[in-house]
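Everything below belongs to model.cif, which stores mmCIF, C-alpha atoms and all ligand atoms.
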data_target
#
loop_
_atom_site.label_atom_id
_atom_site.label_comp_id
_atom_site.auth_asym_id
_atom_site.auth_seq_id
_atom_site.Cartn_x
_atom_site.Cartn_y
_atom_site.Cartn_z
CA MET A 1 -14.29 -34.14 25.06
CA THR A 2 -16.18 -37.25 24.01
CA THR A 3 -14.64 -38.79 20.92
CA PHE A 4 -16.88 -39.96 18.15
CA HIS A 5 -15.62 -42.83 16.03
CA ILE A 6 -16.94 -42.33 12.52
CA ALA A 7 -16.13 -45.12 10.08
CA PRO A 8 -14.97 -44.06 6.61
CA LEU A 9 -17.42 -45.37 4.01
CA ASN A 10 -16.32 -48.78 2.81
CA ASN A 11 -15.89 -48.89 -0.98
CA ASP A 12 -16.52 -52.63 -1.33
CA ILE A 13 -20.11 -52.13 -2.46
CA THR A 14 -19.59 -49.10 -4.70
CA ALA A 15 -19.04 -50.91 -8.00
CA ALA A 16 -22.03 -53.22 -7.46
CA LEU A 17 -24.27 -50.27 -6.59
CA GLN A 18 -23.14 -48.28 -9.62
CA HIS A 19 -23.78 -51.32 -11.80
CA LYS A 20 -27.29 -51.67 -10.35
CA ILE A 21 -27.99 -47.97 -10.99
CA ASP A 22 -26.64 -48.21 -14.56
CA SER A 23 -28.69 -51.37 -15.28
CA LYS A 24 -32.02 -49.60 -14.67
CA THR A 25 -34.26 -48.92 -17.68
CA LYS A 26 -32.99 -45.40 -18.38
CA PRO A 27 -30.08 -43.79 -20.16
CA ILE A 28 -26.92 -43.77 -18.03
CA GLY A 29 -26.88 -40.82 -15.63
CA SER A 30 -30.36 -39.61 -16.61
CA LEU A 31 -31.63 -39.46 -13.03
CA GLY A 32 -28.94 -36.92 -12.29
CA GLN A 33 -28.45 -36.09 -8.63
CA LEU A 34 -30.87 -38.86 -7.61
CA GLU A 35 -28.27 -41.35 -8.84
CA LYS A 36 -25.54 -39.78 -6.69
CA LEU A 37 -27.93 -39.85 -3.73
CA ALA A 38 -28.80 -43.50 -4.26
CA LEU A 39 -25.10 -44.37 -4.45
CA GLN A 40 -24.32 -42.43 -1.26
CA ILE A 41 -27.25 -43.93 0.67
CA GLY A 42 -26.34 -47.45 -0.48
CA ARG A 43 -22.73 -46.88 0.58
CA ILE A 44 -23.75 -45.50 3.99
CA GLN A 45 -26.03 -48.48 4.62
CA GLN A 46 -23.67 -50.94 2.85
CA THR A 47 -26.51 -52.49 0.91
CA GLN A 48 -27.97 -52.51 -2.61
CA THR A 49 -31.46 -52.34 -1.08
CA PRO A 50 -31.40 -49.37 1.30
CA ALA A 51 -34.36 -48.41 3.48
CA LEU A 52 -35.40 -45.21 5.23
CA ASN A 53 -36.57 -46.18 8.71
CA LYS A 54 -38.40 -43.98 11.21
CA PRO A 55 -37.33 -40.67 9.63
CA THR A 56 -37.15 -38.02 12.34
CA ILE A 57 -36.41 -34.31 12.49
CA VAL A 58 -35.10 -33.02 15.80
CA VAL A 59 -35.60 -29.31 16.45
CA PHE A 60 -33.18 -27.91 19.03
CA ALA A 61 -34.17 -24.60 20.65
CA GLY A 62 -31.89 -22.23 22.52
CA ASP A 63 -31.61 -18.56 23.39
CA HIS A 64 -28.77 -16.21 22.66
CA GLY A 65 -27.56 -13.39 24.90
CA VAL A 66 -26.56 -11.44 21.80
CA ALA A 67 -30.27 -11.13 20.95
CA HIS A 68 -30.28 -8.19 23.40
CA GLU A 69 -27.82 -6.23 21.25
CA GLY A 70 -30.31 -5.59 18.46
CA VAL A 71 -29.02 -8.08 15.88
CA SER A 72 -32.47 -9.52 15.10
CA PRO A 73 -35.72 -7.74 14.34
CA PHE A 74 -37.52 -10.15 16.71
CA PRO A 75 -37.37 -10.23 20.53
CA GLN A 76 -35.93 -13.19 22.42
CA GLU A 77 -39.38 -14.26 23.66
CA VAL A 78 -40.19 -15.54 20.17
CA THR A 79 -37.93 -18.55 20.84
CA TYR A 80 -40.05 -19.96 23.67
CA GLN A 81 -43.29 -18.91 21.97
CA MET A 82 -42.25 -20.88 18.89
CA VAL A 83 -41.45 -23.90 21.09
CA PHE A 84 -45.10 -23.85 22.20
CA ASN A 85 -46.11 -23.51 18.57
CA PHE A 86 -44.00 -26.61 17.71
CA LEU A 87 -45.64 -28.52 20.55
CA GLN A 88 -49.10 -27.50 19.34
CA GLY A 89 -48.32 -28.54 15.76
CA GLY A 90 -48.70 -25.08 14.20
CA ALA A 91 -45.25 -24.26 12.85
CA ALA A 92 -43.99 -24.75 9.29
CA ILE A 93 -41.87 -27.71 10.40
CA ASN A 94 -44.95 -29.42 11.88
CA VAL A 95 -46.83 -29.05 8.61
CA PHE A 96 -44.02 -30.34 6.39
CA THR A 97 -43.05 -33.26 8.65
CA LYS A 98 -46.71 -34.29 8.88
CA GLN A 99 -47.09 -34.06 5.10
CA ASN A 100 -44.09 -36.33 4.53
CA GLY A 101 -44.53 -38.87 7.33
CA ILE A 102 -41.55 -37.65 9.34
CA ALA A 103 -41.58 -37.75 13.15
CA ILE A 104 -40.65 -34.58 15.00
CA LYS A 105 -38.91 -34.15 18.33
CA VAL A 106 -38.42 -30.81 20.05
CA VAL A 107 -35.49 -30.32 22.42
CA ASP A 108 -35.07 -27.50 24.94
CA ALA A 109 -31.32 -27.03 24.59
CA GLY A 110 -31.26 -23.77 26.52
CA VAL A 111 -34.33 -21.60 26.09
CA ASN A 112 -34.83 -18.66 28.45
CA PHE A 113 -38.10 -20.07 29.78
CA ASP A 114 -39.01 -22.78 32.29
CA PHE A 115 -41.17 -25.32 30.47
CA ASN A 116 -43.43 -27.78 32.27
CA GLN A 117 -43.13 -31.45 31.37
CA HIS A 118 -44.63 -32.14 27.95
CA PRO A 119 -44.62 -35.47 26.11
CA GLY A 120 -43.33 -33.79 22.92
CA LEU A 121 -40.49 -31.90 24.61
CA VAL A 122 -37.09 -33.26 25.57
CA HIS A 123 -35.74 -31.34 28.57
CA ALA A 124 -32.01 -30.95 27.96
CA LYS A 125 -31.61 -27.34 29.06
CA VAL A 126 -28.00 -26.35 29.76
CA ALA A 127 -28.88 -22.83 30.96
CA LEU A 128 -31.50 -20.13 30.42
CA GLY A 129 -29.81 -18.88 27.25
CA THR A 130 -26.19 -18.03 26.48
CA LYS A 131 -24.35 -14.85 27.52
CA SER A 132 -23.91 -12.04 25.03
CA PHE A 133 -20.67 -12.69 23.15
CA LEU A 134 -20.32 -8.94 22.63
CA HIS A 135 -19.19 -8.84 26.28
CA GLU A 136 -18.10 -12.37 27.28
CA ALA A 137 -17.96 -15.93 26.00
CA ALA A 138 -21.43 -17.24 25.14
CA MET A 139 -20.88 -20.37 27.24
CA THR A 140 -18.23 -22.03 29.34
CA PRO A 141 -16.24 -24.94 27.88
CA ALA A 142 -18.04 -27.22 30.37
CA GLN A 143 -21.46 -26.04 29.16
CA CYS A 144 -20.36 -26.58 25.57
CA GLU A 145 -19.28 -30.13 26.39
CA THR A 146 -22.57 -30.80 28.19
CA ALA A 147 -24.54 -29.57 25.17
CA ILE A 148 -22.55 -31.79 22.79
CA GLU A 149 -23.13 -34.82 25.03
CA ARG A 150 -26.85 -34.16 25.43
CA GLY A 151 -27.27 -33.76 21.68
CA ALA A 152 -25.49 -37.07 21.15
CA ALA A 153 -27.72 -38.74 23.76
CA VAL A 154 -30.90 -37.68 21.93
CA VAL A 155 -29.63 -39.28 18.72
CA LYS A 156 -28.43 -42.43 20.48
CA GLU A 157 -31.92 -43.04 21.81
CA LEU A 158 -33.54 -42.48 18.40
CA HIS A 159 -31.06 -44.84 16.77
CA GLU A 160 -31.80 -47.50 19.38
CA GLN A 161 -35.48 -47.13 18.48
CA GLY A 162 -34.71 -47.96 14.84
CA CYS A 163 -34.34 -44.52 13.24
CA ASN A 164 -31.71 -44.48 10.47
CA VAL A 165 -32.42 -41.10 8.84
CA ILE A 166 -32.33 -37.95 10.91
CA GLY A 167 -32.72 -34.28 10.09
CA PHE A 168 -31.80 -31.35 12.27
CA GLY A 169 -33.54 -28.04 12.78
CA GLU A 170 -33.27 -25.18 15.21
CA MET A 171 -35.03 -22.27 16.80
CA GLY A 172 -33.21 -19.45 18.54
CA ILE A 173 -33.65 -15.75 17.99
CA ALA A 174 -30.31 -14.21 16.90
CA ASN A 175 -28.76 -17.50 15.92
CA THR A 176 -27.92 -16.28 12.41
CA SER A 177 -25.45 -13.99 14.23
CA ALA A 178 -23.81 -16.90 16.04
CA ALA A 179 -23.70 -18.93 12.80
CA ALA A 180 -22.15 -16.05 10.83
CA VAL A 181 -19.26 -15.62 13.26
CA ILE A 182 -18.66 -19.37 13.46
CA MET A 183 -18.60 -19.48 9.66
CA SER A 184 -16.18 -16.59 9.35
CA LEU A 185 -13.71 -18.07 11.86
CA LEU A 186 -13.89 -21.70 10.77
CA CYS A 187 -13.99 -21.08 7.01
CA ASP A 188 -11.63 -18.10 7.14
CA ILE A 189 -14.06 -16.00 5.14
CA PRO A 190 -14.38 -12.24 5.84
CA LEU A 191 -17.21 -11.61 8.34
CA GLU A 192 -19.00 -9.22 5.97
CA GLN A 193 -19.65 -12.07 3.51
CA CYS A 194 -21.06 -14.30 6.26
CA ILE A 195 -23.66 -11.89 7.63
CA GLY A 196 -27.18 -11.81 6.23
CA ARG A 197 -30.55 -10.31 7.10
CA GLY A 198 -31.69 -13.31 9.16
CA THR A 199 -35.41 -12.96 9.90
CA GLY A 200 -35.54 -9.80 7.79
CA LEU A 201 -33.37 -6.94 9.03
CA ASP A 202 -33.70 -3.73 7.05
CA ASP A 203 -30.59 -1.93 5.73
CA GLU A 204 -30.04 -0.04 8.97
CA GLY A 205 -30.47 -3.19 11.05
CA LEU A 206 -28.02 -5.05 8.83
CA ILE A 207 -25.38 -2.37 9.37
CA ARG A 208 -25.93 -2.61 13.15
CA LYS A 209 -25.60 -6.39 13.03
CA LYS A 210 -22.32 -6.06 11.12
CA VAL A 211 -20.93 -3.55 13.64
CA ILE A 212 -21.93 -5.67 16.67
CA LEU A 213 -20.50 -8.86 15.20
CA ALA A 214 -17.26 -7.18 14.11
CA GLU A 215 -16.83 -5.74 17.65
CA SER A 216 -17.52 -9.16 19.12
CA MET A 217 -14.84 -10.76 16.99
CA ILE A 218 -12.34 -8.12 18.06
CA ARG A 219 -13.24 -8.68 21.74
CA HIS A 220 -12.36 -12.37 21.44
CA ASN A 221 -9.52 -12.11 18.92
CA LYS A 222 -7.06 -13.69 21.38
CA ILE A 223 -8.81 -17.07 21.53
CA GLU A 224 -7.18 -19.97 19.78
CA LYS A 225 -9.49 -20.71 16.83
CA THR A 226 -10.14 -24.37 17.57
CA PRO A 227 -13.63 -25.62 16.64
CA LEU A 228 -14.59 -26.03 20.32
CA ASN A 229 -13.30 -22.61 21.34
CA VAL A 230 -15.18 -20.97 18.50
CA LEU A 231 -18.32 -22.94 19.40
CA SER A 232 -18.22 -22.08 23.10
CA THR A 233 -17.31 -18.42 22.55
CA PHE A 234 -19.90 -17.61 19.88
CA GLY A 235 -22.28 -20.56 19.60
CA GLY A 236 -25.65 -21.34 21.06
CA PHE A 237 -26.74 -24.34 23.08
CA GLU A 238 -28.89 -25.48 20.14
CA ILE A 239 -25.89 -25.22 17.78
CA ALA A 240 -23.63 -27.14 20.16
CA MET A 241 -26.30 -29.81 20.66
CA MET A 242 -26.77 -30.17 16.90
CA CYS A 243 -23.00 -30.57 16.57
CA GLY A 244 -22.95 -33.42 19.10
CA ALA A 245 -26.10 -34.93 17.61
CA MET A 246 -24.62 -34.92 14.11
CA LEU A 247 -21.35 -36.51 15.25
CA GLN A 248 -23.31 -39.24 17.04
CA ALA A 249 -25.56 -39.80 14.00
CA ALA A 250 -22.53 -40.34 11.76
CA ALA A 251 -20.90 -42.60 14.36
CA ALA A 252 -24.10 -44.68 14.30
CA GLY A 253 -24.07 -44.84 10.48
CA MET A 254 -27.28 -42.83 10.06
CA LEU A 255 -28.16 -40.53 7.14
CA ILE A 256 -27.90 -36.89 8.24
CA LEU A 257 -30.23 -34.37 6.61
CA VAL A 258 -28.59 -30.95 6.78
CA ASP A 259 -30.95 -27.96 6.68
CA GLY A 260 -30.11 -24.26 6.29
CA PHE A 261 -27.59 -21.68 7.42
CA ILE A 262 -27.61 -22.39 11.14
CA THR A 263 -27.75 -26.17 10.90
CA THR A 264 -24.87 -26.06 8.44
CA SER A 265 -22.84 -23.93 10.87
CA ALA A 266 -23.24 -26.72 13.45
CA LEU A 267 -22.04 -29.21 10.84
CA LEU A 268 -19.09 -26.95 10.08
CA VAL A 269 -17.95 -27.29 13.71
CA ALA A 270 -18.57 -31.06 13.60
CA ALA A 271 -16.64 -31.41 10.33
CA LYS A 272 -13.68 -29.50 11.76
CA ILE A 273 -13.71 -31.96 14.69
CA ASN A 274 -14.02 -35.02 12.43
CA GLU A 275 -14.29 -34.47 8.68
CA GLN A 276 -15.38 -38.08 8.12
CA ILE A 277 -18.88 -36.91 9.08
CA LEU A 278 -19.34 -35.36 5.62
CA ASP A 279 -19.76 -38.80 3.99
CA TYR A 280 -23.00 -39.22 5.96
CA CYS A 281 -24.52 -35.82 5.13
CA LEU A 282 -27.22 -35.08 2.58
CA PHE A 283 -27.42 -31.35 1.93
CA THR A 284 -31.12 -30.76 1.54
CA HIS A 285 -31.31 -27.16 0.38
CA GLN A 286 -29.60 -23.86 -0.16
CA SER A 287 -30.99 -21.19 2.12
CA ASN A 288 -31.49 -17.65 0.93
CA GLU A 289 -29.55 -16.40 3.94
CA GLN A 290 -26.48 -14.58 2.66
CA GLY A 291 -23.49 -16.79 3.40
CA HIS A 292 -25.13 -20.19 3.02
CA SER A 293 -23.95 -20.71 -0.56
CA LEU A 294 -20.35 -19.92 0.46
CA MET A 295 -20.65 -22.19 3.49
CA LEU A 296 -21.88 -25.02 1.27
CA ALA A 297 -19.08 -24.36 -1.22
CA HIS A 298 -16.54 -24.53 1.63
CA LEU A 299 -17.91 -28.00 2.46
CA LYS A 300 -17.95 -28.95 -1.26
CA ALA A 301 -21.65 -29.66 -0.78
CA VAL A 302 -24.23 -29.69 -3.57
CA PRO A 303 -27.70 -28.92 -2.19
CA LEU A 304 -30.74 -30.84 -3.42
CA LEU A 305 -33.16 -27.92 -3.53
CA SER A 306 -32.92 -24.18 -3.94
CA LEU A 307 -36.34 -22.71 -3.23
CA GLY A 308 -35.35 -19.36 -1.77
CA MET A 309 -36.34 -20.56 1.70
CA ARG A 310 -34.76 -18.89 4.76
CA LEU A 311 -36.60 -20.18 7.78
CA GLY A 312 -34.64 -22.90 9.54
CA GLU A 313 -36.54 -25.24 11.94
CA GLY A 314 -35.45 -28.11 9.65
CA THR A 315 -37.97 -27.04 6.99
CA GLY A 316 -35.58 -27.49 4.06
CA ALA A 317 -34.83 -31.03 5.22
CA ALA A 318 -38.53 -31.86 5.57
CA VAL A 319 -39.40 -30.46 2.14
CA ALA A 320 -36.52 -32.30 0.45
CA TYR A 321 -37.37 -35.64 2.07
CA PRO A 322 -39.51 -36.90 -0.86
CA VAL A 323 -36.51 -36.37 -3.15
CA ILE A 324 -34.47 -38.66 -0.91
CA GLN A 325 -37.32 -41.18 -0.94
CA ALA A 326 -37.30 -41.01 -4.74
CA ALA A 327 -33.61 -41.95 -4.83
CA VAL A 328 -34.21 -44.99 -2.61
CA SER A 329 -37.37 -45.99 -4.52
CA PHE A 330 -35.82 -46.01 -7.98
CA LEU A 331 -32.88 -48.05 -6.73
CA ASN A 332 -35.17 -50.61 -5.08
CA GLU A 333 -38.10 -50.71 -7.48
CA MET A 334 -37.13 -49.82 -11.05
CA ALA A 335 -36.79 -52.67 -13.51
CA SER A 336 -33.42 -53.41 -15.08
CA PHE A 337 -32.94 -53.67 -18.88
CA GLU A 338 -32.63 -57.41 -18.40
CA SER A 339 -35.69 -57.94 -16.16
CA ALA A 340 -37.91 -55.75 -18.36
CA GLY A 341 -36.60 -57.09 -21.67
CA VAL A 342 -35.66 -53.60 -22.87
CA SER A 343 -32.82 -53.28 -25.35
CA ASN A 344 -29.77 -51.66 -23.84
CA LYS A 345 -28.14 -50.52 -27.12
CA ALA A 346 -27.78 -46.77 -27.49
C1 LIG B 401 -41.74 -16.39 13.99
C2 LIG B 401 -40.40 -17.00 13.67
C3 LIG B 401 -40.30 -18.36 13.40
C4 LIG B 401 -39.05 -18.90 13.09
N1 LIG B 401 -38.67 -20.15 12.80
C5 LIG B 401 -37.39 -20.17 12.56
N2 LIG B 401 -36.87 -18.94 12.68
C6 LIG B 401 -35.48 -18.63 12.40
O1 LIG B 401 -35.12 -17.30 12.71
C7 LIG B 401 -34.17 -17.17 13.75
C8 LIG B 401 -32.87 -16.63 13.29
O2 LIG B 401 -32.96 -15.36 12.71
P1 LIG B 401 -32.37 -14.07 13.46
O3 LIG B 401 -30.91 -14.30 13.64
O4 LIG B 401 -32.66 -12.93 12.51
O5 LIG B 401 -33.10 -13.92 14.76
C9 LIG B 401 -34.00 -18.56 14.30
O6 LIG B 401 -34.81 -18.76 15.41
C10 LIG B 401 -34.38 -19.42 13.11
O7 LIG B 401 -34.61 -20.72 13.32
C11 LIG B 401 -37.89 -18.11 13.04
C12 LIG B 401 -37.99 -16.75 13.31
C13 LIG B 401 -39.24 -16.18 13.63
C14 LIG B 401 -39.33 -14.72 13.93
O1 LIG B 402 -31.22 -20.85 6.62
C1 LIG B 402 -31.58 -20.82 7.79
O2 LIG B 402 -31.46 -21.81 8.54
C2 LIG B 402 -32.18 -19.56 8.36
C3 LIG B 402 -32.11 -18.37 7.69
C4 LIG B 402 -32.66 -17.23 8.26
C5 LIG B 402 -33.28 -17.31 9.47
N1 LIG B 402 -33.35 -18.45 10.11
C6 LIG B 402 -32.81 -19.59 9.58
#
Entire entry expressed as structure tokens:
Amino acid sequence: MTTFHIAPLNNDITAALQHKIDSKTKPIGSLGQLEKLALQIGRIQQTQTPALNKPTIVVFAGDHGVAHEGVSPFPQEVTYQMVFNFLQGGAAINVFTKQNGIAIKVVDAGVNFDFNQHPGLVHAKVALGTKSFLHEAAMTPAQCETAIERGAAVVKELHEQGCNVIGFGEMGIANTSAAAVIMSLLCDIPLEQCIGRGTGLDDEGLIRKKVILAESMIRHNKIEKTPLNVLSTFGGFEIAMMCGAMLQAAAAGMLILVDGFITTSALLVAAKINEQILDYCLFTHQSNEQGHSLMLAHLKAVPLLSLGMRLGEGTGAAVAYPVIQAAVSFLNEMASFESAGVSNKA
């Protein structure tokens, strides 16, 4: 497996950054979480004047064999249909990225459809969807490795083009099932608490999803619960690619915008491989999908927004982006007590 060298954040600049934040014309701490964000971004970039360059959201799409077991109210075809929607600019993620000046890249990680060449689509297909993990491992270890490497390659290229802030999104019918099992095994949380309604299962559908996922876990209960085994047995190609992409982004010192339930499950795998990655992550929102709040708590992550969204695609990251811009702007542009001649006596 490729190793990713992720540097721990150097503390040399921390005191100077905190002093700069505290010297701004405002009561100490009054910009709340924005102040923590500014400190983290300054530490990641090792500068008191950070900049957000070429912000990009990469949407990885992949199909899941387990979609055929009735764990999602939507058919598998919706995955490739949504890829066309992304390419035509009609999906929620297109609207929010456009609104906030974020570039978007769509990656075919393993959709069950043969796409023609398209300038907006990166062809990184590992296979035409995973196998159903109810019956066999979703992917082979070699496929998992390939997906991780291809995800890393996408990020490497963006970084070389000057991007230093990258968000991740996904599309893959049934991927809340994959994410729930990954969460249960890697966080050691009972499966029941990790399973939600996904795209909107009714009560009966939710019970079916719970039965199928519990049976799947029993089928594979002999596997050693290493992050890579869990990923290859239950994951999707889009989840594995996001995992590799995130590890590469941290290795390159980029800011990582973490989206909802599925994106966070990819980070969970990445963090179990190298926990240093967490220093580079900004948790953009708390999804309404049951399990996301517990997953975030496991990672000791405080999300920026909580809007009751449960869509994926990277939409939480795109919507939260102006908040991240606000943190950088106040640090760079606000006057200090001294420069503005404002009295700093409480
Ligand atoms: C039209 C449509 C657009 C979407 N965009 C993201 N998802 C989201 O829903 C799927 C996961 O939910 P489940 O596990 O219940 O299938 C993923 O594709 C996810 O990104 C969508 C789902 C649908 C139907
Ligand atoms: O939070 C998410 O990422 C999510 C939740 C439900 C369905 N699809 C995605």
Take the point (-25.5, -50.5, -1.1) in the file's coordinates, draw a sphere of radius 12 Å around it, and report as a short mmCIF file (atom, residue, chain, number, x, y, z; two decimals) with C-alpha atoms, in the coordinates of the input every protein, DNA or RNA residue with an atom inside or on it, counting only C-alpha atoms.
data_model
loop_
_atom_site.label_atom_id
_atom_site.label_comp_id
_atom_site.auth_asym_id
_atom_site.auth_seq_id
_atom_site.Cartn_x
_atom_site.Cartn_y
_atom_site.Cartn_z
CA LEU A 9 -17.42 -45.37 4.01
CA ASN A 10 -16.32 -48.78 2.81
CA ASN A 11 -15.89 -48.89 -0.98
CA ASP A 12 -16.52 -52.63 -1.33
CA ILE A 13 -20.11 -52.13 -2.46
CA THR A 14 -19.59 -49.10 -4.70
CA ALA A 15 -19.04 -50.91 -8.00
CA ALA A 16 -22.03 -53.22 -7.46
CA LEU A 17 -24.27 -50.27 -6.59
CA GLN A 18 -23.14 -48.28 -9.62
CA HIS A 19 -23.78 -51.32 -11.80
CA LYS A 20 -27.29 -51.67 -10.35
CA ILE A 21 -27.99 -47.97 -10.99
CA LEU A 37 -27.93 -39.85 -3.73
CA ALA A 38 -28.80 -43.50 -4.26
CA LEU A 39 -25.10 -44.37 -4.45
CA GLN A 40 -24.32 -42.43 -1.26
CA ILE A 41 -27.25 -43.93 0.67
CA GLY A 42 -26.34 -47.45 -0.48
CA ARG A 43 -22.73 -46.88 0.58
CA ILE A 44 -23.75 -45.50 3.99
CA GLN A 45 -26.03 -48.48 4.62
CA GLN A 46 -23.67 -50.94 2.85
CA THR A 47 -26.51 -52.49 0.91
CA GLN A 48 -27.97 -52.51 -2.61
CA THR A 49 -31.46 -52.34 -1.08
CA PRO A 50 -31.40 -49.37 1.30
CA ALA A 51 -34.36 -48.41 3.48
CA VAL A 328 -34.21 -44.99 -2.61
CA LEU A 331 -32.88 -48.05 -6.73
CA ASN A 332 -35.17 -50.61 -5.08
#
Handout entry: Within 6 Å of ligand LIG 402 (chain B), counting all atoms listed in the file, residues as JSON, numbers by chain
Key = {"A": [198, 199, 260, 261, 262, 287, 289, 310, 311, 312]}
Go ahead and save the picked residues with C-alpha atoms, as a JSON list (two decimals), in the frame of the given file.
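Result file again_36.json:
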[["chain", "number", "residue", "atom", "x", "y", "z"],
["A", 198, "GLY", "CA", -31.69, -13.31, 9.16],
["A", 199, "THR", "CA", -35.41, -12.96, 9.90],
["A", 260, "GLY", "CA", -30.11, -24.26, 6.29],
["A", 261, "PHE", "CA", -27.59, -21.68, 7.42],
["A", 262, "ILE", "CA", -27.61, -22.39, 11.14],
["A", 287, "SER", "CA", -30.99, -21.19, 2.12],
["A", 289, "GLU", "CA", -29.55, -16.40, 3.94],
["A", 310, "ARG", "CA", -34.76, -18.89, 4.76],
["A", 311, "LEU", "CA", -36.60, -20.18, 7.78],
["A", 312, "GLY", "CA", -34.64, -22.90, 9.54]]
How close does each residue of chain A get to ligand LIG 401 (chain B), giving the shortest atom pair and distance in Å to one decimal for every residue with an atom at most 9 Å away, counting all atoms listed in the file, sorted by chain and residue number, as a Markdown table?
| residue | atom | partner | partner_atom | distance |
| --- | --- | --- | --- | --- |
| A:Ala61 | CA | B:LIG401 | O6 | 7.9 |
| A:Gly62 | CA | B:LIG401 | O6 | 8.4 |
| A:Asp63 | CA | B:LIG401 | O6 | 8.6 |
| A:Ala67 | CA | B:LIG401 | O5 | 7.4 |
| A:Val71 | CA | B:LIG401 | O3 | 6.9 |
| A:Ser72 | CA | B:LIG401 | O4 | 4.3 |
| A:Pro73 | CA | B:LIG401 | O4 | 6.3 |
| A:Phe74 | CA | B:LIG401 | C14 | 5.6 |
| A:Pro75 | CA | B:LIG401 | O5 | 8.1 |
| A:Gln76 | CA | B:LIG401 | O5 | 8.2 |
| A:Val78 | CA | B:LIG401 | C14 | 6.4 |
| A:Thr79 | CA | B:LIG401 | O6 | 6.3 |
| A:Gln81 | CA | B:LIG401 | C1 | 8.5 |
| A:Met82 | CA | B:LIG401 | C3 | 6.3 |
| A:Ala91 | CA | B:LIG401 | C3 | 7.7 |
| A:Ala92 | CA | B:LIG401 | N1 | 7.9 |
| A:Ile93 | CA | B:LIG401 | N1 | 8.6 |
| A:Gly169 | CA | B:LIG401 | O7 | 7.4 |
| A:Glu170 | CA | B:LIG401 | O7 | 5.0 |
| A:Met171 | CA | B:LIG401 | O6 | 3.8 |
| A:Gly172 | CA | B:LIG401 | O6 | 3.6 |
| A:Ile173 | CA | B:LIG401 | O5 | 3.8 |
| A:Ala174 | CA | B:LIG401 | O3 | 3.3 |
| A:Asn175 | CA | B:LIG401 | O3 | 4.5 |
| A:Thr176 | CA | B:LIG401 | O3 | 3.8 |
| A:Ser177 | CA | B:LIG401 | O3 | 5.5 |
| A:Ala178 | CA | B:LIG401 | O3 | 7.9 |
| A:Ala179 | CA | B:LIG401 | O3 | 8.6 |
| A:Gly196 | CA | B:LIG401 | O4 | 8.4 |
| A:Arg197 | CA | B:LIG401 | O4 | 6.4 |
| A:Gly198 | CA | B:LIG401 | O4 | 3.5 |
| A:Thr199 | CA | B:LIG401 | O4 | 3.8 |
| A:Gly200 | CA | B:LIG401 | O4 | 6.4 |
| A:Leu201 | CA | B:LIG401 | O4 | 7.0 |
| A:Ile262 | CA | B:LIG401 | O7 | 7.5 |
| A:Arg310 | CA | B:LIG401 | C6 | 7.7 |
| A:Leu311 | CA | B:LIG401 | C5 | 4.8 |
| A:Gly312 | CA | B:LIG401 | O7 | 4.4 |
| A:Glu313 | CA | B:LIG401 | O7 | 5.1 |
| A:Gly314 | CA | B:LIG401 | O7 | 8.3 |
| A:Thr315 | CA | B:LIG401 | C5 | 8.9 |
Correct to one decimal, the distance atom CA of Val154 of chain A-atom CA of Val122 of chain A is 8.4 Å
* For His64 of chain A, please output as a count of residues only all residues within 6 Å (counting all atoms listed in the file; exclusion window: fewer than 2 positions along the same chain). => 4
Between atom CA of Leu213 of chain A and atom CA of Val181 of chain A, what is the distance in Å, rounded to a tenth?
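Calculated distance between atom CA of Leu213 of chain A and atom CA of Val181 of chain A is 7.1 Å.
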Atom pair atom CA of Met254 of chain A + atom CA of Cys281 of chain A, distance 9.0 Å
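Residue nearest Val165 of chain A, chosen from A:Val258, A:Val211, A:Leu87, A:Ile182 and counting all atoms listed in the file: A:Val258.
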- Counting all atoms listed in the file, the option among A:Asn85, A:Pro55, A:Asp203, A:Thr264 closest to Ala297 of chain A: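 Ranking A:Asn85, A:Pro55, A:Asp203, A:Thr264 by distance to Ala297 of chain A, first place goes to A:Thr264.
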Nearest residue to Ala271 of chain A from the set A:Gln193, A:Asp22, A:Phe4, A:Gly70 (distances using all atoms listed in the file):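 Using all atoms listed in the file, Ala271 of chain A sits closest to A:Phe4.
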Determine, counting only C-alpha atoms, which protein, DNA and RNA residues have an atom within 9 Å of an atom of Cys163 of chain A; residues of the same chain fewer than 5 positions away are not included. Present the result as a PyMOL selection string.
chain A and resi 52-56+155+158+254
Who sits within 8 Å of Cys243 of chain A, all atoms listed in the file, same chain under 4 positions skipped, as a short mmCIF file (atom, residue, chain, number, x, y, z; two decimals) with C-alpha atoms, in the frame of the given file:
data_model
loop_
_atom_site.label_atom_id
_atom_site.label_comp_id
_atom_site.auth_asym_id
_atom_site.auth_seq_id
_atom_site.Cartn_x
_atom_site.Cartn_y
_atom_site.Cartn_z
CA ILE A 148 -22.55 -31.79 22.79
CA GLY A 151 -27.27 -33.76 21.68
CA ILE A 239 -25.89 -25.22 17.78
CA LEU A 247 -21.35 -36.51 15.25
CA ALA A 266 -23.24 -26.72 13.45
CA LEU A 267 -22.04 -29.21 10.84
CA VAL A 269 -17.95 -27.29 13.71
CA ALA A 270 -18.57 -31.06 13.60
#
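With all atoms listed in the file as the atoms that count, the residue of A:Gly110, A:Gly253, A:Gly32, A:Pro8 with the shortest distance to Asn164 of chain A is A:Gly253.
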Note to self: Taking all atoms listed in the file into account, name the residue in A:Arg208, A:Lys36, A:His68, A:Lys345 that is nearest to His135 of chain A.
What the structure shows: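 Checking each candidate against His135 of chain A, we get A:His68 as the closest.
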Using all atoms listed in the file, which residues sit within 12 Å of Asn229 of chain A once same-chain residues fewer than 6 positions away are excluded, as a list in words?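 The filter keeps Ala137, Ala138, Met139, Thr140, Pro141, Ala142, Gln143, Cys144, Glu145, Ile182, Leu185, Leu186, His220, Asn221, Lys222, Ile223, Gly235, Ala240, Val269, Lys272 and Ile273 of chain A.
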